[in-house]
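Okay, target_11.cif is below, mmCIF, C-alpha atoms:
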data_structure
loop_
_atom_site.label_atom_id
_atom_site.label_comp_id
_atom_site.auth_asym_id
_atom_site.auth_seq_id
_atom_site.Cartn_x
_atom_site.Cartn_y
_atom_site.Cartn_z
CA MET Y 1 8.91 -15.61 -21.84
CA PRO Y 2 6.08 -16.61 -19.49
CA GLU Y 3 6.74 -19.74 -17.49
CA ALA Y 4 4.06 -21.75 -19.26
CA ALA Y 5 5.46 -20.89 -22.71
CA ALA Y 6 9.05 -21.54 -21.63
CA GLY Y 7 8.13 -24.83 -19.96
CA THR Y 8 9.54 -23.79 -16.58
CA GLY Y 9 6.30 -23.25 -14.62
CA LEU Y 10 2.55 -22.73 -14.76
CA SER Y 11 2.22 -18.95 -15.00
CA LEU Y 12 0.53 -17.93 -18.25
CA PHE Y 13 1.61 -14.28 -18.19
CA LEU Y 14 4.72 -13.90 -15.98
CA CYS Y 15 8.27 -15.15 -16.15
CA ARG Y 16 9.86 -16.67 -13.07
CA TYR Y 17 11.55 -13.42 -12.01
CA HIS Y 18 8.36 -11.35 -12.10
CA ARG Y 19 6.27 -14.09 -10.49
CA GLN Y 20 8.67 -14.20 -7.55
CA PHE Y 21 8.76 -10.39 -7.51
CA LYS Y 22 4.96 -10.27 -7.21
CA ALA Y 23 4.99 -12.88 -4.43
CA ARG Y 24 7.37 -10.69 -2.40
CA HIS Y 25 5.96 -7.22 -3.13
CA GLY Y 26 2.35 -7.67 -4.23
CA SER Y 27 2.96 -6.19 -7.69
CA GLU Y 28 4.79 -7.27 -10.83
CA TRP Y 29 6.58 -3.91 -11.17
CA LYS Y 30 6.35 -1.81 -7.96
CA ARG Y 31 8.64 -2.43 -5.02
CA SER Y 32 7.54 -2.38 -1.37
CA TYR Y 33 7.55 0.80 0.68
CA SER Y 34 10.84 1.20 2.50
CA ALA Y 35 11.23 2.26 6.13
CA ALA Y 36 12.64 5.61 4.99
CA ASP Y 37 9.59 6.25 2.79
CA LEU Y 38 7.22 5.40 5.65
CA ALA Y 39 9.05 7.47 8.29
CA PRO Y 40 7.16 10.78 7.82
CA TYR Y 41 3.82 8.96 7.72
CA ARG Y 42 4.68 7.07 10.92
CA ARG Y 43 5.56 10.31 12.70
CA ALA Y 44 2.28 11.87 11.61
CA ALA Y 45 0.32 8.75 12.63
CA ALA Y 46 1.96 8.64 16.07
CA ARG Y 47 1.28 12.34 16.67
CA TYR Y 48 -2.34 11.99 15.53
CA LEU Y 49 -3.27 8.73 17.29
CA LYS Y 50 -1.66 9.27 20.69
CA PRO Y 51 -4.12 11.90 22.03
CA ARG Y 52 -7.10 10.19 20.37
CA LYS Y 53 -6.93 6.70 21.89
CA PRO Y 54 -10.36 7.13 23.60
CA ASP Y 55 -11.95 7.67 20.16
CA PHE Y 56 -14.49 4.91 19.49
CA TRP Y 57 -13.05 3.65 16.20
CA ILE Y 58 -9.42 3.86 17.33
CA ALA Y 59 -10.22 2.02 20.57
CA ASN Y 60 -12.15 -0.58 18.58
CA ALA Y 61 -9.15 -1.14 16.27
CA LEU Y 62 -6.79 -1.51 19.25
CA ILE Y 63 -9.10 -4.11 20.80
CA ALA Y 64 -9.28 -5.99 17.49
CA ILE Y 65 -5.48 -6.04 17.17
CA GLU Y 66 -5.09 -7.13 20.79
CA THR Y 67 -7.52 -10.01 20.09
CA LEU Y 68 -5.46 -11.05 17.06
CA LEU Y 69 -2.28 -11.07 19.14
CA ALA Y 70 -3.94 -13.25 21.78
CA SER Y 71 -5.32 -15.72 19.22
CA GLY Y 72 -1.95 -16.81 17.84
CA ARG Y 73 0.01 -19.82 19.03
CA SER Y 74 3.79 -19.81 19.25
CA THR Y 75 5.22 -22.11 16.58
CA ARG Y 76 8.78 -22.76 15.47
CA ILE Y 77 9.67 -21.29 12.08
CA THR Y 78 10.82 -24.70 10.82
CA ASP Y 79 7.38 -26.18 11.58
CA LEU Y 80 5.62 -23.60 9.39
CA ARG Y 81 7.18 -24.58 6.09
CA ARG Y 82 4.20 -26.64 4.87
CA ALA Y 83 1.48 -24.95 6.95
CA ASN Y 84 -1.42 -23.14 5.29
CA PRO Y 85 -1.46 -19.31 5.19
CA ASP Y 86 -3.95 -18.99 8.07
CA VAL Y 87 -1.68 -20.94 10.42
CA LYS Y 88 1.33 -18.88 9.33
CA ALA Y 89 -0.59 -15.62 9.91
CA ARG Y 90 -1.60 -16.68 13.44
CA ALA Y 91 2.01 -17.64 14.15
CA ALA Y 92 3.10 -14.17 12.97
CA PHE Y 93 0.70 -12.58 15.48
CA ALA Y 94 2.09 -14.89 18.16
CA ARG Y 95 5.64 -13.71 17.40
CA LEU Y 96 4.48 -10.11 17.78
CA ARG Y 97 2.91 -11.00 21.14
CA ASP Y 98 6.03 -12.80 22.33
CA ALA Y 99 8.12 -9.80 21.29
CA LYS Y 100 5.82 -7.60 23.43
CA ILE Y 101 4.87 -5.31 20.55
CA PRO Y 102 2.03 -3.01 21.78
CA PRO Y 103 -1.16 -2.92 19.69
CA ALA Y 104 -0.73 0.87 19.42
CA VAL Y 105 2.55 0.39 17.51
CA ILE Y 106 0.90 -2.05 15.08
CA LEU Y 107 -2.00 0.35 14.51
CA GLU Y 108 0.44 3.20 13.96
CA ARG Y 109 2.25 1.26 11.24
CA CYS Y 110 -1.00 0.24 9.57
CA VAL Y 111 -2.25 3.83 9.52
CA ALA Y 112 1.11 4.99 8.11
CA VAL Y 113 0.89 2.47 5.24
CA LEU Y 114 -2.75 3.42 4.55
CA ALA Y 115 -1.83 7.12 4.44
CA MET Y 116 1.13 6.55 2.12
CA HIS Y 117 -0.97 4.35 -0.15
CA LEU Y 118 -3.61 7.10 -0.28
CA GLU Y 119 -1.01 9.63 -1.46
CA ASP Y 120 0.89 7.27 -3.76
CA HIS Y 121 0.65 8.52 -7.35
CA SER Y 122 1.78 5.26 -8.97
CA LYS Y 123 0.09 2.62 -6.84
CA PRO Y 124 -1.14 -0.54 -8.56
CA SER Y 125 -4.86 -1.07 -8.89
CA GLY Y 126 -6.66 -3.46 -6.57
CA ARG Y 127 -6.08 -4.29 -2.93
CA GLU Y 128 -3.36 -6.94 -3.18
CA PHE Y 129 -0.47 -4.48 -3.11
CA LEU Y 130 -1.96 -2.65 -0.09
CA ASP Y 131 -2.51 -5.92 1.80
CA VAL Y 132 1.09 -6.98 1.20
CA GLN Y 133 2.44 -3.61 2.35
CA LEU Y 134 0.36 -3.74 5.56
CA ALA Y 135 1.66 -7.24 6.27
CA LYS Y 136 5.32 -6.39 5.53
CA SER Y 137 5.29 -3.26 7.71
CA VAL Y 138 4.09 -5.31 10.70
CA HIS Y 139 6.10 -8.42 9.83
CA ARG Y 140 9.33 -6.45 10.19
CA LEU Y 141 8.64 -5.92 13.90
CA ALA Y 142 9.10 -9.63 14.69
CA ALA Y 143 10.21 -11.44 11.57
CA GLY Y 144 11.94 -14.35 13.32
CA LYS Y 145 12.46 -16.24 16.52
CA ARG Y 146 15.61 -17.00 18.49
CA THR Y 147 16.00 -20.29 20.34
CA SER Y 148 18.60 -20.51 23.10
CA TYR Y 149 20.26 -23.82 23.96
CA GLY Y 150 22.49 -22.51 26.73
CA PRO Y 151 25.18 -19.91 27.37
CA GLY Y 152 26.69 -18.83 24.06
CA SER Y 153 24.50 -21.23 22.07
CA SER Y 154 21.45 -19.92 20.20
CA TRP Y 155 19.81 -20.25 16.83
CA TYR Y 156 17.85 -17.58 14.93
CA ARG Y 157 15.49 -18.26 12.06
CA ALA Y 158 13.33 -15.68 10.23
CA ALA Y 159 10.05 -16.43 8.47
CA LYS Y 160 9.97 -15.84 4.73
CA SER Y 161 8.33 -12.53 3.80
CA SER Y 162 6.65 -13.83 0.66
CA GLY Y 163 3.64 -15.74 -0.58
CA GLN Y 164 0.00 -16.06 0.43
CA VAL Y 165 0.72 -15.51 4.13
CA LEU Y 166 1.32 -11.81 3.38
CA ARG Y 167 -2.07 -11.55 1.67
CA THR Y 168 -3.83 -13.27 4.58
CA LEU Y 169 -2.02 -11.20 7.21
CA GLY Y 170 -2.68 -7.97 5.32
CA ARG Y 171 -6.41 -8.67 4.86
CA THR Y 172 -6.73 -9.41 8.58
CA LEU Y 173 -5.02 -6.15 9.53
CA ARG Y 174 -7.06 -4.16 7.02
CA THR Y 175 -10.29 -5.58 8.45
CA ALA Y 176 -9.21 -4.61 11.97
CA CYS Y 177 -8.44 -1.04 10.83
CA GLU Y 178 -11.20 -0.53 8.26
CA PHE Y 179 -13.12 2.12 10.25
CA VAL Y 180 -9.92 3.94 11.19
CA GLU Y 181 -9.05 3.98 7.49
CA ALA Y 182 -12.35 5.63 6.63
CA GLU Y 183 -12.52 8.10 9.53
CA HIS Y 184 -8.94 9.10 10.38
CA VAL Y 185 -6.45 8.27 7.60
CA PRO Y 186 -7.27 11.40 5.52
CA ALA Y 187 -6.58 13.55 8.60
CA VAL Y 188 -3.25 11.73 9.19
CA LEU Y 189 -2.29 12.39 5.57
CA ALA Y 190 -3.22 16.07 5.93
CA LEU Y 191 -1.02 16.29 9.04
CA LYS Y 192 1.88 14.67 7.21
CA VAL Y 193 1.52 17.09 4.26
CA GLU Y 194 1.45 20.02 6.68
CA ARG Y 195 4.63 18.90 8.47
CA ASP Y 196 6.72 17.33 5.68
CA GLY Y 197 5.11 18.48 2.44
CA ALA Y 198 3.33 16.54 -0.27
CA LYS Y 199 4.88 13.47 -1.86
CA PRO Y 200 6.50 14.49 -5.18
CA TYR Y 201 5.35 12.67 -8.26
CA ARG Y 202 7.82 10.01 -9.34
CA GLN Y 203 7.29 7.74 -12.30
CA GLU Y 204 7.99 4.14 -11.33
CA PRO Y 205 10.28 2.28 -13.75
CA LEU Y 206 8.25 -0.21 -15.73
CA VAL Y 207 11.11 -2.07 -17.44
CA ARG Y 208 12.97 -4.26 -15.00
CA SER Y 209 15.69 -6.84 -15.25
CA ARG Y 210 17.11 -9.22 -12.69
CA PHE Y 211 20.49 -7.61 -13.47
CA GLY Y 212 19.22 -4.07 -12.83
CA ASN Y 213 17.43 -1.47 -14.90
CA ASP Y 214 20.69 -0.25 -16.46
CA ARG Y 215 21.00 -3.51 -18.37
CA ALA Y 216 17.37 -3.65 -19.49
CA PRO Y 217 17.01 -2.91 -23.22
CA PRO Y 218 15.44 0.47 -24.05
CA PRO Y 219 11.84 0.34 -25.31
CA ILE Y 220 11.39 0.17 -29.09
CA PRO Y 221 10.04 3.44 -30.59
CA PRO Y 222 6.44 3.06 -31.85
CA GLU Y 223 7.49 3.74 -35.44
CA ASP Y 224 10.02 0.89 -35.33
CA ARG Y 225 7.73 -1.76 -33.81
CA PRO Y 226 6.67 -4.53 -36.23
CA LEU Y 227 3.09 -4.43 -37.43
CA ALA Y 228 0.84 -7.23 -36.20
CA GLY Y 229 0.88 -10.15 -38.63
CA ASP Y 230 3.39 -8.53 -41.02
CA GLY Y 231 6.65 -10.06 -39.89
CA ASP Y 232 9.48 -7.50 -39.90
CA ILE Y 233 7.48 -4.66 -41.55
CA THR Y 234 7.39 -1.53 -39.37
CA PRO Y 235 5.38 1.72 -39.68
CA ARG Y 236 8.60 3.56 -40.64
CA MET Y 237 9.11 1.22 -43.60
CA VAL Y 238 5.51 1.71 -44.73
CA GLU Y 239 5.86 5.51 -44.57
CA GLU Y 240 9.12 5.45 -46.57
CA GLU Y 241 7.50 3.33 -49.29
CA ALA Y 242 4.52 5.71 -49.44
CA ARG Y 243 6.87 8.69 -49.90
CA LYS Y 244 8.58 6.93 -52.82
CA ILE Y 245 5.22 6.26 -54.50
CA ARG Y 246 4.11 9.91 -54.07
CA ARG Y 247 7.42 11.17 -55.51
CA ARG Y 248 7.14 8.90 -58.55
CA PHE Y 249 3.55 9.99 -59.08
CA ARG Y 250 4.57 13.66 -59.09
CA GLU Y 251 7.33 12.95 -61.61
CA ILE Y 252 5.60 10.74 -64.21
CA GLY Y 253 1.92 10.71 -63.18
CA TRP Y 254 -0.17 7.57 -63.56
CA LYS Y 255 2.66 5.82 -65.39
CA ALA Y 256 4.19 5.37 -61.93
CA PHE Y 257 1.69 2.60 -61.32
CA GLU Y 258 2.29 0.85 -64.63
CA GLY Y 259 2.80 -2.81 -63.96
CA GLU Y 260 1.96 -2.44 -60.28
CA PHE Y 261 -1.51 -4.02 -60.53
#

Can I see the file as structure tokens?
Amino acid sequence: MPEAAAGTGLSLFLCRYHRQFKARHGSEWKRSYSAADLAPYRRAAARYLKPRKPDFWIANALIAIETLLASGRSTRITDLRRANPDVKARAAFARLRDAKIPPAVILERCVAVLAMHLEDHSKPSGREFLDVQLAKSVHRLAAGKRTSYGPGSSWYRAAKSSGQVLRTLGRTLRTACEFVEAEHVPAVLALKVERDGAKPYRQEPLVRSRFGNDRAPPPIPPEDRPLAGDGDITPRMVEEEARKIRRRFREIGWKAFEGEF
């Protein structure tokens, strides 16, 4: 049941499991792109972008990403718990800068996600899923921060990869790469298809359970689904009753309806 109907939250359409799933992945039913799925697109992006760094739009995107890295301020993960998404996004860029991640690597990952999203046959509509995937692909490069208190004494804490910060971070990255997306991503996808082949069509599972798809109940056949407003009456029951009436009519004619009306 949705959270609002069950009295466990405010969501009008999603249960708690699917609301949390959407916060992590950007979709109620589709999981994030894995590193293995993105690998061929990253190889194609690296091969395509490396000799074209002087290109105007690629150089412009690298400058924009470098500006984003310089604008962040290093903040402890524990101090970001109640911060707004903009502050968390700037702190994520600061972690990338502190980890010495080159802007070219960030652009390569963004182009890889854009190319995979362009070829994805079962992508959700809208831009939210794409923004979350852009943010997660870059967030993995420097997800946390390690604090050292002396020899043999350190503490590592990773930022949560969920919530509005992923949407904010993804929109910022998409804005920095918007002209590269329009001018170069189709060519990167063509290079990937040439080297590794086209992505095979795969139907995403729509029925999910927190215990795994194997324990999710199978969908009810259309003929066995109850009719709207008729309680437990199904189309199969209606068809069986109609067959009985037609058989009685063939046997005894209009007398079959005697006493029916």

Point-to-point distance from atom CA of Lys192 of chain Y to atom CA of Val105 of chain Y, Å rounded to tenths: 17.6 Å

My list of candidates is Y:Ala45, Y:Leu12, Y:Val165, Y:Leu118. Which is closest to Ile58 of chain Y when distances are computed with all atoms listed in the file? Y:Ala45

Any chance you could work out the residue set of the PyMOL selection byres ((chain Y and resi 47-53) around 10) here, as a VMD selection string? chain Y and resid 41 to 46 54 to 62 104 107 to 108 111 184 to 185 187 to 189 191 to 192

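The closest residue to Arg109 of chain Y, picked from Y:Ile252, Y:Val87, Y:Ala190, Y:Leu134 and counting only C-alpha atoms, is Y:Leu134.
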
For Tyr156 of chain Y, please output as a VMD selection string all residues within 12 Å (counting all atoms listed in the file; exclusion window: fewer than 3 positions along the same chain). chain Y and resid 76 to 78 142 to 149 153 159

Those same residues, written as a JSON list (two decimals), keeping the file's coordinate frame with C-alpha atoms?
[["chain", "number", "residue", "atom", "x", "y", "z"],
["Y", 76, "ARG", "CA", 8.78, -22.76, 15.47],
["Y", 77, "ILE", "CA", 9.67, -21.29, 12.08],
["Y", 78, "THR", "CA", 10.82, -24.70, 10.82],
["Y", 142, "ALA", "CA", 9.10, -9.63, 14.69],
["Y", 143, "ALA", "CA", 10.21, -11.44, 11.57],
["Y", 144, "GLY", "CA", 11.94, -14.35, 13.32],
["Y", 145, "LYS", "CA", 12.46, -16.24, 16.52],
["Y", 146, "ARG", "CA", 15.61, -17.00, 18.49],
["Y", 147, "THR", "CA", 16.00, -20.29, 20.34],
["Y", 148, "SER", "CA", 18.60, -20.51, 23.10],
["Y", 149, "TYR", "CA", 20.26, -23.82, 23.96],
["Y", 153, "SER", "CA", 24.50, -21.23, 22.07],
["Y", 159, "ALA", "CA", 10.05, -16.43, 8.47]]

Any idea what the distance is between atom CA of Thr67 of chain Y and atom CA of His25 of chain Y? 27.0 Å

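What separates atom CA of Glu119 of chain Y from atom CA of Lys199 of chain Y is a distance of 7.0 Å.
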
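Shortest atom-to-atom contact with His117 of chain Y among Y:Asp37, Y:Glu183, Y:Glu251, Y:Asp86: Y:Asp37, counting all atoms listed in the file.
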
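Applied to the file shown here, the PyMOL selection byres ((chain Y and resi 69) around 7) selects Ile65, Glu66, Thr67, Leu68, Ala70, Ser71, Gly72, Phe93, Ala94, Leu96 and Arg97 of chain Y.
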
I'd like the contact shell of Ser74 of chain Y - 9 Å cut-off, all atoms listed in the file, skipping same-chain residues fewer than 4 positions apart - returned as a ChimeraX atom specification. /Y:90-95,98

Could you take the residues named above and write them with C-alpha atoms, as a short mmCIF file (atom, residue, chain, number, x, y, z; two decimals), in the frame of the given file?
data_model
loop_
_atom_site.label_atom_id
_atom_site.label_comp_id
_atom_site.auth_asym_id
_atom_site.auth_seq_id
_atom_site.Cartn_x
_atom_site.Cartn_y
_atom_site.Cartn_z
CA ARG Y 90 -1.60 -16.68 13.44
CA ALA Y 91 2.01 -17.64 14.15
CA ALA Y 92 3.10 -14.17 12.97
CA PHE Y 93 0.70 -12.58 15.48
CA ALA Y 94 2.09 -14.89 18.16
CA ARG Y 95 5.64 -13.71 17.40
CA ASP Y 98 6.03 -12.80 22.33
#

Evaluate the PyMOL selection byres ((chain Y and resi 168) around 12) here and jot the selected residues down as JSON, numbers by chain. {"Y": [84, 85, 86, 87, 88, 89, 90, 92, 93, 127, 128, 130, 131, 132, 133, 134, 135, 136, 162, 163, 164, 165, 166, 167, 169, 170, 171, 172, 173, 174, 175]}

Where atoms are lacking, segment 8-19 of chain Y completed to all heavy atoms, as an mmCIF file, keeping the file's coordinate frame:
data_model
loop_
_atom_site.group_PDB
_atom_site.id
_atom_site.type_symbol
_atom_site.label_atom_id
_atom_site.label_comp_id
_atom_site.auth_asym_id
_atom_site.auth_seq_id
_atom_site.Cartn_x
_atom_site.Cartn_y
_atom_site.Cartn_z
ATOM 1 N N THR Y 8 8.872 -23.800 -17.883
ATOM 2 C CA THR Y 8 9.540 -23.790 -16.580
ATOM 3 C C THR Y 8 8.572 -23.580 -15.421
ATOM 4 O O THR Y 8 9.014 -23.481 -14.272
ATOM 5 C CB THR Y 8 10.597 -22.673 -16.533
ATOM 6 O OG1 THR Y 8 9.973 -21.408 -16.793
ATOM 7 C CG2 THR Y 8 11.682 -22.920 -17.577
ATOM 8 N N GLY Y 9 7.275 -23.476 -15.683
ATOM 9 C CA GLY Y 9 6.300 -23.250 -14.620
ATOM 10 C C GLY Y 9 4.895 -23.222 -15.181
ATOM 11 O O GLY Y 9 4.653 -23.626 -16.325
ATOM 12 N N LEU Y 10 3.957 -22.715 -14.380
ATOM 13 C CA LEU Y 10 2.550 -22.730 -14.760
ATOM 14 C C LEU Y 10 1.981 -21.341 -15.045
ATOM 15 O O LEU Y 10 0.840 -21.233 -15.469
ATOM 16 C CB LEU Y 10 1.713 -23.379 -13.649
ATOM 17 C CG LEU Y 10 2.074 -24.830 -13.295
ATOM 18 C CD1 LEU Y 10 1.212 -25.314 -12.135
ATOM 19 C CD2 LEU Y 10 1.888 -25.738 -14.502
ATOM 20 N N SER Y 11 2.747 -20.290 -14.802
ATOM 21 C CA SER Y 11 2.220 -18.950 -15.000
ATOM 22 C C SER Y 11 2.028 -18.669 -16.488
ATOM 23 O O SER Y 11 2.940 -18.850 -17.296
ATOM 24 C CB SER Y 11 3.169 -17.906 -14.397
ATOM 25 O OG SER Y 11 2.685 -16.600 -14.618
ATOM 26 N N LEU Y 12 0.835 -18.192 -16.847
ATOM 27 C CA LEU Y 12 0.530 -17.930 -18.250
ATOM 28 C C LEU Y 12 1.028 -16.571 -18.721
ATOM 29 O O LEU Y 12 1.145 -16.346 -19.929
ATOM 30 C CB LEU Y 12 -0.983 -18.010 -18.482
ATOM 31 C CG LEU Y 12 -1.645 -19.366 -18.210
ATOM 32 C CD1 LEU Y 12 -3.147 -19.260 -18.374
ATOM 33 C CD2 LEU Y 12 -1.084 -20.426 -19.144
ATOM 34 N N PHE Y 13 1.289 -15.647 -17.791
ATOM 35 C CA PHE Y 13 1.610 -14.280 -18.190
ATOM 36 C C PHE Y 13 2.936 -13.769 -17.635
ATOM 37 O O PHE Y 13 3.429 -12.754 -18.114
ATOM 38 C CB PHE Y 13 0.484 -13.332 -17.713
ATOM 39 C CG PHE Y 13 -0.877 -13.737 -18.169
ATOM 40 C CD1 PHE Y 13 -1.770 -14.325 -17.294
ATOM 41 C CD2 PHE Y 13 -1.266 -13.560 -19.489
ATOM 42 C CE1 PHE Y 13 -3.022 -14.706 -17.710
ATOM 43 C CE2 PHE Y 13 -2.524 -13.946 -19.914
ATOM 44 C CZ PHE Y 13 -3.410 -14.527 -19.031
ATOM 45 N N LEU Y 14 3.518 -14.421 -16.627
ATOM 46 C CA LEU Y 14 4.720 -13.900 -15.980
ATOM 47 C C LEU Y 14 5.872 -14.874 -16.108
ATOM 48 O O LEU Y 14 5.674 -16.086 -16.089
ATOM 49 C CB LEU Y 14 4.459 -13.634 -14.483
ATOM 50 C CG LEU Y 14 3.344 -12.639 -14.143
ATOM 51 C CD1 LEU Y 14 3.172 -12.557 -12.635
ATOM 52 C CD2 LEU Y 14 3.641 -11.267 -14.725
ATOM 53 N N CYS Y 15 7.065 -14.315 -16.233
ATOM 54 C CA CYS Y 15 8.270 -15.150 -16.150
ATOM 55 C C CYS Y 15 8.555 -15.445 -14.677
ATOM 56 O O CYS Y 15 7.896 -14.926 -13.782
ATOM 57 C CB CYS Y 15 9.446 -14.438 -16.798
ATOM 58 S SG CYS Y 15 9.937 -12.924 -15.944
ATOM 59 N N ARG Y 16 9.564 -16.267 -14.448
ATOM 60 C CA ARG Y 16 9.860 -16.670 -13.070
ATOM 61 C C ARG Y 16 10.262 -15.472 -12.214
ATOM 62 O O ARG Y 16 9.849 -15.354 -11.052
ATOM 63 C CB ARG Y 16 10.969 -17.715 -13.081
ATOM 64 C CG ARG Y 16 11.346 -18.222 -11.693
ATOM 65 C CD ARG Y 16 12.464 -19.228 -11.755
ATOM 66 N NE ARG Y 16 12.807 -19.703 -10.425
ATOM 67 C CZ ARG Y 16 13.822 -20.529 -10.156
ATOM 68 N NH1 ARG Y 16 14.568 -20.987 -11.146
ATOM 69 N NH2 ARG Y 16 14.071 -20.903 -8.922
ATOM 70 N N TYR Y 17 11.080 -14.575 -12.782
ATOM 71 C CA TYR Y 17 11.550 -13.420 -12.010
ATOM 72 C C TYR Y 17 10.383 -12.560 -11.556
ATOM 73 O O TYR Y 17 10.289 -12.181 -10.384
ATOM 74 C CB TYR Y 17 12.521 -12.612 -12.860
ATOM 75 C CG TYR Y 17 12.896 -11.285 -12.248
ATOM 76 C CD1 TYR Y 17 13.746 -11.226 -11.158
ATOM 77 C CD2 TYR Y 17 12.395 -10.089 -12.754
ATOM 78 C CE1 TYR Y 17 14.092 -10.020 -10.585
ATOM 79 C CE2 TYR Y 17 12.739 -8.878 -12.192
ATOM 80 C CZ TYR Y 17 13.586 -8.846 -11.109
ATOM 81 O OH TYR Y 17 13.919 -7.650 -10.535
ATOM 82 N N HIS Y 18 9.472 -12.226 -12.455
ATOM 83 C CA HIS Y 18 8.360 -11.350 -12.100
ATOM 84 C C HIS Y 18 7.311 -12.064 -11.250
ATOM 85 O O HIS Y 18 6.613 -11.423 -10.449
ATOM 86 C CB HIS Y 18 7.724 -10.762 -13.350
ATOM 87 C CG HIS Y 18 8.547 -9.673 -13.982
ATOM 88 N ND1 HIS Y 18 9.482 -9.931 -14.940
ATOM 89 C CD2 HIS Y 18 8.585 -8.343 -13.749
ATOM 90 C CE1 HIS Y 18 10.060 -8.796 -15.302
ATOM 91 N NE2 HIS Y 18 9.538 -7.817 -14.591
ATOM 92 N N ARG Y 19 7.180 -13.362 -11.381
ATOM 93 C CA ARG Y 19 6.270 -14.090 -10.490
ATOM 94 C C ARG Y 19 6.790 -14.061 -9.062
ATOM 95 O O ARG Y 19 6.024 -13.827 -8.112
ATOM 96 C CB ARG Y 19 6.107 -15.535 -10.968
ATOM 97 C CG ARG Y 19 5.176 -16.370 -10.075
ATOM 98 C CD ARG Y 19 5.071 -17.780 -10.591
ATOM 99 N NE ARG Y 19 6.353 -18.439 -10.660
ATOM 100 C CZ ARG Y 19 7.002 -18.953 -9.622
ATOM 101 N NH1 ARG Y 19 6.481 -18.866 -8.398
ATOM 102 N NH2 ARG Y 19 8.169 -19.556 -9.773
#
